[in-house]
>>> print(open('protein_13.cif').read())   # mmCIF, C-alpha atoms
data_model
#
loop_
_atom_site.label_atom_id
_atom_site.label_comp_id
_atom_site.auth_asym_id
_atom_site.auth_seq_id
_atom_site.Cartn_x
_atom_site.Cartn_y
_atom_site.Cartn_z
CA MET A 1 0.00 0.00 0.00
CA HIS A 2 1.32 3.45 -0.92
CA ARG A 3 1.82 5.98 1.86
CA LYS A 4 -0.91 8.24 0.48
CA GLU A 5 -3.46 5.41 0.36
CA PHE A 6 -2.55 4.34 3.91
CA LEU A 7 -3.08 7.86 5.25
CA GLN A 8 -6.36 8.27 3.39
CA LYS A 9 -7.81 5.04 4.73
CA SER A 10 -6.49 5.72 8.21
CA MET A 11 -8.21 9.11 8.21
CA LEU A 12 -11.47 7.57 7.03
CA SER A 13 -11.38 4.98 9.81
CA LEU A 14 -11.12 7.87 12.28
CA GLY A 15 -14.17 9.58 10.82
CA MET A 16 -12.12 12.42 9.32
CA GLY A 17 -12.61 11.56 5.65
CA SER A 18 -15.48 13.89 4.86
CA PHE A 19 -13.65 16.80 6.51
CA LEU A 20 -10.45 16.16 4.56
CA PHE A 21 -12.24 15.86 1.24
CA SER A 22 -14.12 19.09 1.85
CA GLN A 23 -10.83 20.87 2.58
CA ASN A 24 -8.70 19.29 -0.16
CA PRO A 25 -10.37 18.29 -3.44
CA PHE A 26 -7.15 16.64 -4.68
CA ILE A 27 -7.37 13.77 -2.18
CA THR A 28 -8.94 10.69 -3.75
CA LEU A 29 -9.63 7.17 -2.57
CA ARG A 30 -8.69 5.24 -5.68
CA ALA A 31 -5.12 5.12 -6.97
CA GLU A 32 -6.20 5.24 -10.60
CA GLU A 33 -7.97 8.54 -9.94
CA ASP A 34 -4.61 10.03 -8.95
CA GLU A 35 -3.37 9.63 -12.51
CA LYS A 36 -3.55 12.85 -14.46
CA GLU A 37 -2.00 14.46 -17.49
CA GLN A 38 1.62 15.40 -16.80
CA GLU A 39 2.72 18.99 -17.29
CA SER A 40 4.81 19.40 -20.44
CA ILE A 41 8.55 19.40 -19.87
CA SER A 42 9.34 20.12 -23.52
CA LEU A 43 10.87 23.30 -24.90
CA PRO A 44 10.85 24.43 -28.54
CA SER A 45 13.82 22.71 -30.18
CA LYS A 46 15.09 21.45 -33.52
CA VAL A 47 16.98 18.64 -31.78
CA LYS A 48 15.54 15.19 -32.48
CA SER A 49 18.24 12.86 -31.12
CA LEU A 50 21.13 12.60 -28.68
CA ILE A 51 24.06 10.21 -29.14
CA PHE A 52 25.58 9.68 -25.70
CA ILE A 53 28.92 7.83 -25.55
CA GLU A 54 29.84 6.80 -22.02
CA MET A 55 33.44 5.73 -21.37
CA MET A 56 32.67 3.49 -18.41
CA GLY A 57 35.21 3.04 -15.66
CA GLY A 58 36.77 6.49 -15.75
CA MET A 59 38.61 7.65 -18.89
CA SER A 60 42.05 9.16 -18.23
CA HIS A 61 41.76 12.74 -19.47
CA VAL A 62 45.53 13.33 -19.40
CA ASP A 63 46.03 10.40 -21.81
CA THR A 64 43.22 11.24 -24.23
CA LEU A 65 41.91 14.81 -24.48
CA ASP A 66 44.04 17.00 -22.16
CA PRO A 67 47.78 16.76 -22.97
CA LYS A 68 50.16 17.23 -20.04
CA PRO A 69 53.88 16.55 -19.43
CA ASN A 70 52.87 13.39 -17.58
CA SER A 71 50.67 12.08 -20.43
CA ALA A 72 51.45 8.58 -21.67
CA PHE A 73 50.99 9.53 -25.34
CA SER A 74 52.18 12.19 -27.75
CA LYS A 75 50.16 15.24 -28.73
CA VAL A 76 48.31 15.52 -32.04
CA SER A 77 46.76 18.64 -33.54
CA SER A 78 42.99 18.86 -33.91
CA GLY A 79 40.38 20.46 -36.13
CA ILE A 80 40.06 23.27 -33.56
CA SER A 81 42.71 25.91 -34.12
CA GLY A 82 45.38 25.84 -31.41
CA LEU A 83 43.93 22.75 -29.68
CA SER A 84 45.89 19.54 -29.25
CA VAL A 85 44.67 16.19 -27.97
CA LEU A 86 46.49 12.87 -27.69
CA GLU A 87 47.26 9.95 -30.02
CA PRO A 88 44.38 7.68 -28.91
CA PHE A 89 41.96 10.26 -30.41
CA SER A 90 44.09 11.06 -33.47
CA LEU A 91 41.32 10.39 -36.05
CA THR A 92 38.55 11.96 -33.96
CA ALA A 93 40.79 15.02 -33.47
CA LYS A 94 40.35 15.97 -37.13
CA GLN A 95 36.57 16.18 -36.67
CA LEU A 96 36.47 18.30 -33.51
CA HIS A 97 35.79 21.48 -35.50
CA SER A 98 32.13 20.39 -35.71
CA ILE A 99 31.70 20.09 -31.91
CA GLY A 100 33.63 21.33 -28.85
CA ILE A 101 35.40 20.25 -25.68
CA ILE A 102 34.86 20.88 -21.97
CA ARG A 103 38.09 20.40 -20.01
CA SER A 104 36.62 21.22 -16.62
CA THR A 105 33.97 18.58 -15.89
CA TRP A 106 34.01 17.61 -12.21
CA SER A 107 32.11 16.10 -9.29
CA GLU A 108 32.60 14.90 -5.72
CA GLU A 109 31.99 11.24 -6.56
CA GLY A 110 35.03 8.96 -6.75
CA ASP A 111 33.06 5.71 -6.45
CA HIS A 112 31.87 4.02 -9.66
CA GLY A 113 28.30 3.44 -8.50
CA PHE A 114 27.85 6.90 -7.01
CA ALA A 115 29.44 8.59 -10.03
CA GLN A 116 27.34 6.61 -12.52
CA MET A 117 24.18 7.55 -10.62
CA LEU A 118 25.13 11.22 -10.86
CA LEU A 119 26.02 11.02 -14.55
CA GLY A 120 22.87 9.07 -15.36
CA THR A 121 20.40 11.25 -13.48
CA GLY A 122 21.99 14.56 -12.47
CA TYR A 123 21.39 13.56 -8.85
CA ARG A 124 23.96 12.49 -6.29
CA MET A 125 23.18 9.21 -4.55
CA THR A 126 22.30 11.01 -1.32
CA GLU A 127 19.97 13.39 -3.18
CA ALA A 128 18.19 10.49 -4.90
CA MET A 129 17.41 8.58 -1.71
CA GLY A 130 13.78 9.71 -1.75
CA PHE A 131 13.32 8.56 -5.35
CA PRO A 132 14.08 4.81 -5.57
CA ASP A 133 12.66 4.64 -9.10
CA ILE A 134 14.45 7.69 -10.52
CA PRO A 135 14.83 7.41 -14.33
CA HIS A 136 17.96 7.81 -16.41
CA PHE A 137 18.00 11.22 -18.07
CA GLY A 138 17.88 9.43 -21.44
CA SER A 139 14.44 8.13 -20.52
CA VAL A 140 13.39 11.65 -19.55
CA ILE A 141 14.47 12.96 -22.95
CA ALA A 142 12.68 10.07 -24.68
CA TYR A 143 9.55 10.82 -22.65
CA ALA A 144 9.70 14.53 -23.51
CA LYS A 145 10.05 13.75 -27.21
CA LYS A 146 7.53 10.92 -27.53
CA SER A 147 4.93 11.05 -24.73
CA LYS A 148 2.56 13.21 -26.80
CA ALA A 149 3.07 11.25 -30.03
CA LYS A 150 0.08 9.08 -30.95
CA THR A 151 2.06 6.48 -32.88
CA SER A 152 2.78 2.76 -32.58
CA TYR A 153 5.69 1.63 -30.44
CA PHE A 154 9.24 2.12 -31.69
CA PRO A 155 12.21 2.34 -29.29
CA SER A 156 12.78 5.88 -28.07
CA TYR A 157 15.86 4.93 -26.04
CA VAL A 158 18.42 2.45 -27.36
CA THR A 159 21.37 1.13 -25.34
CA ILE A 160 24.42 -0.46 -26.97
CA GLY A 161 27.33 -2.04 -25.09
CA GLY A 162 27.60 -2.13 -21.28
CA ARG A 163 24.56 -1.83 -19.04
CA GLY A 164 25.98 -0.53 -15.75
CA GLY A 165 24.62 2.16 -13.49
CA LYS A 166 21.23 3.57 -14.44
CA ASN A 167 21.73 2.86 -18.15
CA GLY A 168 18.43 2.08 -19.85
CA ASN A 169 16.45 2.36 -16.61
CA SER A 170 13.24 4.33 -17.13
CA GLY A 171 12.14 4.16 -13.49
CA PHE A 172 8.67 5.56 -12.90
CA LEU A 173 8.32 6.66 -16.55
CA GLY A 174 7.44 3.10 -17.53
CA ILE A 175 8.42 0.54 -20.11
CA ASN A 176 7.76 2.70 -23.18
CA TYR A 177 10.81 4.80 -22.26
CA SER A 178 13.17 2.08 -21.03
CA GLY A 179 16.27 1.22 -23.03
CA TYR A 180 15.89 -1.26 -25.87
CA HIS A 181 19.21 -3.07 -25.54
CA VAL A 182 21.32 -4.10 -28.52
CA GLY A 183 23.60 -6.92 -27.44
CA ASN A 184 24.78 -7.90 -30.92
CA VAL A 185 25.41 -5.02 -33.33
CA ASP A 186 25.51 -7.44 -36.28
CA GLU A 187 22.03 -8.72 -35.42
CA PRO A 188 20.43 -5.99 -33.27
CA ILE A 189 16.88 -7.19 -34.00
CA GLN A 190 16.44 -10.83 -32.99
CA HIS A 191 13.56 -13.22 -32.29
CA LEU A 192 11.21 -11.63 -34.82
CA ASN A 193 10.20 -15.10 -35.97
CA PRO A 194 9.56 -18.34 -34.04
CA SER A 195 12.76 -20.17 -33.19
CA HIS A 196 11.74 -23.43 -34.92
CA GLY A 197 11.32 -22.78 -38.62
CA LYS A 198 9.17 -20.31 -40.51
CA PHE A 199 5.51 -20.20 -39.52
CA SER A 200 2.70 -18.54 -41.45
CA GLU A 201 1.41 -15.14 -40.35
CA GLU A 202 -1.94 -16.76 -39.64
CA ARG A 203 -0.38 -19.16 -37.14
CA ILE A 204 1.60 -16.35 -35.48
CA LEU A 205 -1.61 -14.32 -35.13
CA ARG A 206 -3.40 -17.30 -33.54
CA ARG A 207 -0.56 -17.57 -31.00
CA LYS A 208 -0.75 -13.84 -30.28
CA ASP A 209 -4.52 -14.05 -29.75
CA LEU A 210 -4.07 -17.00 -27.39
CA VAL A 211 -1.51 -15.13 -25.29
CA SER A 212 -3.73 -12.02 -25.23
CA PHE A 213 -6.71 -14.12 -24.09
CA MET A 214 -4.68 -15.73 -21.29
CA ASN A 215 -3.33 -12.35 -20.15
CA ASP A 216 -6.82 -10.79 -20.17
CA GLU A 217 -8.28 -13.66 -18.14
CA PHE A 218 -5.43 -13.45 -15.64
CA SER A 219 -5.86 -9.67 -15.30
CA LYS A 220 -9.54 -10.10 -14.39
CA SER A 221 -8.55 -12.11 -11.33
CA PHE A 222 -5.32 -10.28 -10.59
CA PRO A 223 -5.60 -6.64 -11.77
CA THR A 224 -2.02 -5.70 -10.89
CA LYS A 225 0.34 -3.16 -12.38
CA GLU A 226 2.65 -6.02 -13.37
CA ALA A 227 -0.08 -7.65 -15.43
CA MET A 228 -0.78 -4.33 -17.13
CA HIS A 229 2.92 -3.92 -17.92
CA TRP A 230 3.12 -7.37 -19.52
CA LYS A 231 0.12 -6.54 -21.68
CA LYS A 232 1.76 -3.29 -22.79
CA MET A 233 4.99 -5.14 -23.56
CA LEU A 234 3.16 -7.64 -25.75
CA THR A 235 1.49 -4.83 -27.68
CA ALA A 236 4.78 -2.96 -28.03
CA ALA A 237 6.58 -6.06 -29.30
CA GLU A 238 3.93 -6.63 -31.96
CA GLU A 239 4.01 -2.99 -33.08
CA PHE A 240 7.82 -3.00 -33.17
CA ARG A 241 7.88 -6.22 -35.20
CA ASN A 242 5.59 -4.69 -37.82
CA SER A 243 7.22 -1.24 -37.88
CA LYS A 244 8.10 0.19 -41.28
CA ASP A 245 11.21 1.75 -39.68
CA ILE A 246 12.75 -1.43 -38.33
CA ASP A 247 15.43 -1.50 -41.04
CA SER A 248 17.12 1.46 -39.34
CA PHE A 249 18.62 -1.15 -36.98
CA ARG A 250 20.27 -3.08 -39.84
CA ILE A 251 23.79 -1.77 -40.51
CA SER A 252 24.17 -4.48 -43.17
CA LEU A 253 22.10 -2.22 -45.44
CA GLU A 254 24.93 0.35 -45.51
CA ASP A 255 27.26 0.18 -48.50
CA GLU A 256 30.62 -1.54 -48.10
CA LYS A 257 32.62 1.68 -48.35
CA THR A 258 30.68 3.29 -45.48
CA ARG A 259 31.05 0.23 -43.26
CA ALA A 260 34.79 0.19 -43.93
CA ARG A 261 35.11 3.81 -42.75
CA TYR A 262 33.58 2.91 -39.39
CA GLY A 263 35.70 -0.21 -38.95
CA THR A 264 35.01 -3.85 -38.19
CA THR A 265 35.05 -3.64 -34.38
CA TRP A 266 31.82 -3.69 -32.37
CA GLN A 267 32.49 -0.09 -31.32
CA GLY A 268 32.75 1.05 -34.94
CA LYS A 269 29.55 -0.80 -35.82
CA ALA A 270 27.84 0.74 -32.80
CA MET A 271 28.73 4.22 -34.10
CA LEU A 272 27.30 3.33 -37.51
CA LEU A 273 24.12 2.03 -35.89
CA ALA A 274 23.90 5.24 -33.86
CA LYS A 275 24.05 7.29 -37.05
CA ARG A 276 21.21 5.27 -38.59
CA LEU A 277 19.08 5.62 -35.46
CA ALA A 278 19.73 9.37 -35.31
CA LYS A 279 18.62 9.61 -38.93
CA GLN A 280 15.44 7.82 -37.81
CA GLU A 281 15.11 10.47 -35.03
CA VAL A 282 15.35 8.03 -32.12
CA PRO A 283 15.51 10.45 -29.14
CA PHE A 284 18.32 8.83 -27.12
CA ILE A 285 21.08 6.50 -28.34
CA HIS A 286 23.41 5.33 -25.57
CA ILE A 287 26.75 3.64 -26.33
CA SER A 288 28.72 2.34 -23.32
CA ILE A 289 32.38 1.45 -23.83
CA GLY A 290 34.01 -0.21 -20.83
CA GLY A 291 37.56 -1.06 -19.82
CA TRP A 292 38.61 2.41 -18.60
CA ASP A 293 39.26 1.45 -14.97
CA THR A 294 43.02 1.50 -15.60
CA HIS A 295 44.56 1.01 -12.15
CA THR A 296 47.22 -1.08 -13.91
CA GLY A 297 48.37 -1.35 -17.52
CA ASN A 298 47.04 2.11 -18.26
CA LYS A 299 48.81 2.79 -21.57
CA ALA A 300 48.27 -0.65 -23.06
CA GLN A 301 44.57 -0.68 -22.15
CA ILE A 302 43.90 2.79 -23.57
CA THR A 303 45.76 1.84 -26.75
CA LYS A 304 43.56 -1.24 -27.16
CA ILE A 305 40.26 0.52 -26.48
CA MET A 306 40.89 3.46 -28.79
CA LYS A 307 42.36 1.35 -31.57
CA GLU A 308 38.89 -0.24 -31.69
CA THR A 309 36.94 2.99 -31.15
CA ASP A 310 38.66 6.05 -32.63
CA MET A 311 37.85 5.22 -36.27
CA GLY A 312 34.14 4.83 -35.53
CA ILE A 313 33.81 8.09 -33.58
CA ALA A 314 35.64 10.00 -36.32
CA ALA A 315 33.40 8.52 -39.04
CA LEU A 316 30.28 9.28 -37.02
CA LEU A 317 31.21 12.94 -36.50
CA GLU A 318 32.16 13.31 -40.15
CA ASP A 319 28.83 11.89 -41.32
CA LEU A 320 26.76 13.91 -38.86
CA ASN A 321 28.49 17.08 -40.05
CA GLN A 322 28.43 16.41 -43.79
CA SER A 323 24.83 15.19 -43.84
CA GLY A 324 23.55 18.10 -41.77
CA LEU A 325 22.26 15.74 -39.08
CA ILE A 326 24.48 17.61 -36.62
CA LYS A 327 21.87 20.40 -36.63
CA GLN A 328 19.25 18.11 -35.09
CA THR A 329 21.53 15.66 -33.26
CA LEU A 330 23.49 16.22 -30.06
CA PHE A 331 26.79 14.38 -29.55
CA VAL A 332 28.21 13.81 -26.06
CA LEU A 333 31.25 11.75 -25.01
CA THR A 334 32.15 11.67 -21.34
CA SER A 335 32.96 9.45 -18.35
CA GLU A 336 31.95 9.11 -14.70
CA PHE A 337 35.27 10.68 -13.63
CA GLY A 338 38.88 11.15 -14.75
CA ARG A 339 42.10 9.51 -13.58
CA THR A 340 44.90 10.76 -11.35
CA PRO A 341 47.77 12.63 -13.03
CA ASP A 342 50.37 10.46 -11.28
CA VAL A 343 51.36 7.10 -12.73
CA GLY A 344 53.02 4.74 -10.28
CA SER A 345 55.37 1.84 -10.91
CA ARG A 346 52.38 -0.30 -11.93
CA ASP A 347 51.58 2.06 -14.84
CA GLY A 348 48.16 2.82 -13.43
CA ARG A 349 45.99 5.81 -12.64
CA ASP A 350 43.38 5.89 -9.89
CA HIS A 351 39.94 7.53 -9.67
CA HIS A 352 40.00 11.31 -9.99
CA PRO A 353 36.63 13.12 -9.91
CA LYS A 354 38.16 16.58 -9.44
CA VAL A 355 38.38 17.16 -13.21
CA TRP A 356 38.07 15.41 -16.59
CA SER A 357 37.19 16.16 -20.22
CA THR A 358 33.92 15.95 -22.16
CA LEU A 359 33.28 16.21 -25.90
CA ILE A 360 29.95 17.84 -26.69
CA GLY A 361 28.28 19.48 -29.65
CA GLY A 362 25.52 19.52 -32.24
CA GLY A 363 22.14 21.22 -32.15
CA PRO A 364 22.38 24.66 -30.50
CA PHE A 365 25.95 24.19 -29.23
CA GLN A 366 28.74 26.32 -30.63
CA LYS A 367 31.25 24.71 -32.98
CA GLY A 368 34.94 24.42 -32.27
CA PHE A 369 34.80 25.75 -28.71
CA VAL A 370 37.13 24.99 -25.79
CA TRP A 371 35.58 25.50 -22.35
CA GLY A 372 37.69 25.46 -19.19
CA GLU A 373 41.28 24.45 -18.61
CA THR A 374 43.33 22.52 -16.06
CA ASP A 375 46.59 23.15 -14.24
CA GLU A 376 50.01 22.01 -15.46
CA LEU A 377 49.41 18.40 -14.33
CA GLY A 378 45.70 18.07 -15.10
CA ALA A 379 44.79 17.76 -11.43
CA LYS A 380 42.15 20.50 -11.19
CA ALA A 381 40.36 23.22 -13.14
CA THR A 382 42.01 26.63 -13.08
CA LYS A 383 38.97 28.75 -13.97
CA PRO A 384 36.29 28.32 -11.27
CA ASN A 385 33.71 30.21 -13.34
CA GLU A 386 34.15 27.65 -16.14
CA ALA A 387 34.02 24.53 -13.92
CA VAL A 388 31.16 22.25 -15.04
CA HIS A 389 29.70 20.00 -12.36
CA VAL A 390 28.02 16.87 -13.73
CA ARG A 391 24.62 18.18 -12.58
CA ASP A 392 25.31 21.30 -14.71
CA LEU A 393 26.28 19.10 -17.64
CA VAL A 394 22.98 17.19 -17.40
CA ALA A 395 20.99 20.43 -17.07
CA THR A 396 22.75 21.88 -20.13
CA ILE A 397 22.08 18.70 -22.13
CA TYR A 398 18.43 18.89 -21.15
CA LYS A 399 18.06 22.45 -22.39
CA ALA A 400 20.01 21.77 -25.59
CA SER A 401 17.78 18.74 -26.22
CA GLY A 402 14.57 20.71 -25.82
CA VAL A 403 13.76 19.61 -22.27
CA ASP A 404 13.05 22.14 -19.52
CA PRO A 405 15.75 21.52 -16.86
CA ASP A 406 13.50 23.23 -14.31
CA GLY A 407 10.54 21.03 -15.19
CA GLU A 408 9.03 18.36 -13.00
CA ILE A 409 7.21 15.05 -13.42
CA ILE A 410 4.87 13.34 -10.99
CA ASN A 411 6.47 10.04 -10.01
CA SER A 412 4.85 6.71 -9.14
CA PHE A 413 4.34 7.80 -5.53
CA GLY A 414 2.42 10.90 -6.59
CA ARG A 415 5.31 13.16 -5.63
CA PRO A 416 6.78 15.89 -7.85
CA PHE A 417 10.21 14.99 -9.19
CA LEU A 418 12.40 17.90 -10.33
CA LEU A 419 14.42 17.01 -13.43
CA THR A 420 17.49 18.71 -11.96
CA THR A 421 18.38 19.70 -8.44
CA LYS A 422 18.11 23.33 -7.39
CA LYS A 423 21.92 23.52 -7.39
CA ALA A 424 22.12 22.72 -11.10
CA LYS A 425 22.65 25.48 -13.64
CA VAL A 426 22.68 25.55 -17.41
CA ILE A 427 26.03 26.60 -18.92
CA GLU A 428 24.54 29.25 -21.21
CA GLY A 429 27.94 30.20 -22.62
CA LEU A 430 28.06 26.91 -24.57
CA LEU A 431 24.79 27.58 -26.41
#
>>> encode(input="protein_13.cif", output="structure tokens")
Amino acid sequence: MHRKEFLQKSMLSLGMGSFLFSQNPFITLRAEEDEKEQESISLPSKVKSLIFIEMMGGMSHVDTLDPKPNSAFSKVSSGISGLSVLEPFSLTAKQLHSIGIIRSTWSEEGDHGFAQMLLGTGYRMTEAMGFPDIPHFGSVIAYAKKSKAKTSYFPSYVTIGGRGGKNGNSGFLGINYSGYHVGNVDEPIQHLNPSHGKFSEERILRRKDLVSFMNDEFSKSFPTKEAMHWKKMLTAAEEFRNSKDIDSFRISLEDEKTRARYGTTWQGKAMLLAKRLAKQEVPFIHISIGGWDTHTGNKAQITKIMKETDMGIAALLEDLNQSGLIKQTLFVLTSEFGRTPDVGSRDGRDHHPKVWSTLIGGGPFQKGFVWGETDELGAKATKPNEAVHVRDLVATIYKASGVDPDGEIINSFGRPFLLTTKKAKVIEGLL
């Protein structure tokens, strides 16, 4: 029983119900009567999609995007005049003129779980304690873009790669805005047909009708939210299976030359899939690339990851820019925290939330900008007024995406949930 329902029934048992209802017309006895149209959290925007690349584990900024004397790699010039990055991003560097870089991202969270919660929601773990079903901000963006659309189901949030933290979790927003996970980029859409041979459409329809009948009969005896969710999932699966847009998931339809530019690794294919989904105007495309927790073997591990990833990111940025999709697509690449400037005898860097780098651009963002800077070792930001806390990053992404960062949604407990904390601020200078 929800707290509100408990209090209502307790008051009634004490003979106070009629008094309460006369004083407060918003109190109701039935949970379904509490459901009402949500206030709009959308802002006017040309942005249709966001490609969010999460380097999970903590990407070393001093070895990738912020050259320092203690970096493990050599500097390379970039497409932004006067800006250098490092060898692991050598191909991506040439495409940075179409986006920009923040070198002053920071937070207080040096623990993976706490930092991933903050990056995924804009809330610190302690701030989110009252909201156990808080959604990932990708689900919020998907909800803002699609909740008013009267169309059949098609994924509005797609996750590719790792599934840590809050990734793909829609919380109280419900299953329509949860992440559709792609586990195999070569075959992202599986199980469209029965596993044993090809059956006729008529037979498949008979099976669907049988399942629907069983679910409906069960729901009559057990009218639970879970039963309702399963019914919605069945409907969504059928609509998705019959969608005219389902080919946007098939990278095999790209020509051979294009596929070669992105590379043969799963990361490269994920970037190509992200481009296709952005073209289809899927609101949130989330690519998680792990392996960045480099407490040992730092240089070798970064070399391996970026050898498999750099080509795909560069091709994605090039295509977004040349096709004009960059005008309606946001691009973000970041991590839960950075790594320490010092490298010990084990060639490793530890967790360092005091500062790290973020690539961001597209939509209303400026092109070719550099925001913030770090000290001579890359240990901290040197311009306090240009320091970007993760909550500010999320708030800025919201606004750039066409979502009101000051908006609120009523959660499953009937409580207002603010999209960002009152401490968060939009970095207007980037827009």
>>> resolve_selection(input="protein_13.cif", expression="the PyMOL selection byres ((chain A and resi 151-161) around 7)", output="VMD selection string")
chain A and resid 138 to 139 142 149 to 150 162 to 163 168 177 to 183 236 239 to 240 270 282 to 289
>>> residues_around(input="protein_13.cif", residues="Tyr123 of chain A", least_positions_apart="3", cutoff="10 Å", atoms="only C-alpha atoms", output="list of chain:residue names")
A:Phe114, A:Ala115, A:Gln116, A:Met117, A:Leu118, A:Leu119, A:Gly120, A:Thr126, A:Glu127, A:Ala128, A:Met129, A:Ile134, A:Val390, A:Arg391, A:Val394, A:Leu419, A:Thr420, A:Thr421, A:Ala424
>>> resolve_selection(input="protein_13.cif", expression="the PyMOL selection byres ((chain A and resi 381-385) around 12)", output="PDB file with C-alpha atoms, in the coordinates of the input")
ATOM      1  CA  ASP A  66      44.040  17.000 -22.160  1.00  0.00           C
ATOM      2  CA  ILE A 102      34.860  20.880 -21.970  1.00  0.00           C
ATOM      3  CA  ARG A 103      38.090  20.400 -20.010  1.00  0.00           C
ATOM      4  CA  SER A 104      36.620  21.220 -16.620  1.00  0.00           C
ATOM      5  CA  THR A 105      33.970  18.580 -15.890  1.00  0.00           C
ATOM      6  CA  TRP A 106      34.010  17.610 -12.210  1.00  0.00           C
ATOM      7  CA  SER A 107      32.110  16.100  -9.290  1.00  0.00           C
ATOM      8  CA  PRO A 353      36.630  13.120  -9.910  1.00  0.00           C
ATOM      9  CA  LYS A 354      38.160  16.580  -9.440  1.00  0.00           C
ATOM     10  CA  VAL A 355      38.380  17.160 -13.210  1.00  0.00           C
ATOM     11  CA  TRP A 356      38.070  15.410 -16.590  1.00  0.00           C
ATOM     12  CA  SER A 357      37.190  16.160 -20.220  1.00  0.00           C
ATOM     13  CA  TRP A 371      35.580  25.500 -22.350  1.00  0.00           C
ATOM     14  CA  GLY A 372      37.690  25.460 -19.190  1.00  0.00           C
ATOM     15  CA  GLU A 373      41.280  24.450 -18.610  1.00  0.00           C
ATOM     16  CA  THR A 374      43.330  22.520 -16.060  1.00  0.00           C
ATOM     17  CA  ASP A 375      46.590  23.150 -14.240  1.00  0.00           C
ATOM     18  CA  GLU A 376      50.010  22.010 -15.460  1.00  0.00           C
ATOM     19  CA  LEU A 377      49.410  18.400 -14.330  1.00  0.00           C
ATOM     20  CA  GLY A 378      45.700  18.070 -15.100  1.00  0.00           C
ATOM     21  CA  ALA A 379      44.790  17.760 -11.430  1.00  0.00           C
ATOM     22  CA  LYS A 380      42.150  20.500 -11.190  1.00  0.00           C
ATOM     23  CA  GLU A 386      34.150  27.650 -16.140  1.00  0.00           C
ATOM     24  CA  ALA A 387      34.020  24.530 -13.920  1.00  0.00           C
ATOM     25  CA  VAL A 388      31.160  22.250 -15.040  1.00  0.00           C
ATOM     26  CA  HIS A 389      29.700  20.000 -12.360  1.00  0.00           C
ATOM     27  CA  ILE A 427      26.030  26.600 -18.920  1.00  0.00           C
ATOM     28  CA  GLY A 429      27.940  30.200 -22.620  1.00  0.00           C
TER      29      GLY A 429
END
>>> resolve_selection(input="protein_13.cif", expression="the PyMOL selection byres ((chain A and resi 246) around 10)", output="ChimeraX atom specification")
/A:154-155,189,240-245,247-250,277,280
>>> residues_around(input="protein_13.cif", residues="segment 42-48 of chain A", least_positions_apart="6", cutoff="12 Å", atoms="all atoms listed in the file", output="PyMOL selection string")
chain A and resi 140-148+156+277-285+324-331+361-365+397-409+419
>>> write_last_selection(input="protein_13.cif", atoms="C-alpha atoms", output="compact mmCIF listing (two decimals), keeping the file's coordinate frame")
# COMPACT_ATOMS: atom_id res chain seq x y z
CA VAL A 140 13.39 11.65 -19.55
CA ILE A 141 14.47 12.96 -22.95
CA ALA A 142 12.68 10.07 -24.68
CA TYR A 143 9.55 10.82 -22.65
CA ALA A 144 9.70 14.53 -23.51
CA LYS A 145 10.05 13.75 -27.21
CA LYS A 146 7.53 10.92 -27.53
CA SER A 147 4.93 11.05 -24.73
CA LYS A 148 2.56 13.21 -26.80
CA SER A 156 12.78 5.88 -28.07
CA LEU A 277 19.08 5.62 -35.46
CA ALA A 278 19.73 9.37 -35.31
CA LYS A 279 18.62 9.61 -38.93
CA GLN A 280 15.44 7.82 -37.81
CA GLU A 281 15.11 10.47 -35.03
CA VAL A 282 15.35 8.03 -32.12
CA PRO A 283 15.51 10.45 -29.14
CA PHE A 284 18.32 8.83 -27.12
CA ILE A 285 21.08 6.50 -28.34
CA GLY A 324 23.55 18.10 -41.77
CA LEU A 325 22.26 15.74 -39.08
CA ILE A 326 24.48 17.61 -36.62
CA LYS A 327 21.87 20.40 -36.63
CA GLN A 328 19.25 18.11 -35.09
CA THR A 329 21.53 15.66 -33.26
CA LEU A 330 23.49 16.22 -30.06
CA PHE A 331 26.79 14.38 -29.55
CA GLY A 361 28.28 19.48 -29.65
CA GLY A 362 25.52 19.52 -32.24
CA GLY A 363 22.14 21.22 -32.15
CA PRO A 364 22.38 24.66 -30.50
CA PHE A 365 25.95 24.19 -29.23
CA ILE A 397 22.08 18.70 -22.13
CA TYR A 398 18.43 18.89 -21.15
CA LYS A 399 18.06 22.45 -22.39
CA ALA A 400 20.01 21.77 -25.59
CA SER A 401 17.78 18.74 -26.22
CA GLY A 402 14.57 20.71 -25.82
CA VAL A 403 13.76 19.61 -22.27
CA ASP A 404 13.05 22.14 -19.52
CA PRO A 405 15.75 21.52 -16.86
CA ASP A 406 13.50 23.23 -14.31
CA GLY A 407 10.54 21.03 -15.19
CA GLU A 408 9.03 18.36 -13.00
CA ILE A 409 7.21 15.05 -13.42
CA LEU A 419 14.42 17.01 -13.43
>>> residues_around(input="protein_13.cif", residues="segment 332-336 of chain A", least_positions_apart="6", cutoff="8 Å", atoms="only C-alpha atoms", output="JSON, numbers by chain")
{"A": [50, 51, 52, 53, 54, 55, 56, 57, 58, 59, 112, 115, 116, 119, 353, 357, 358, 359, 360, 361]}
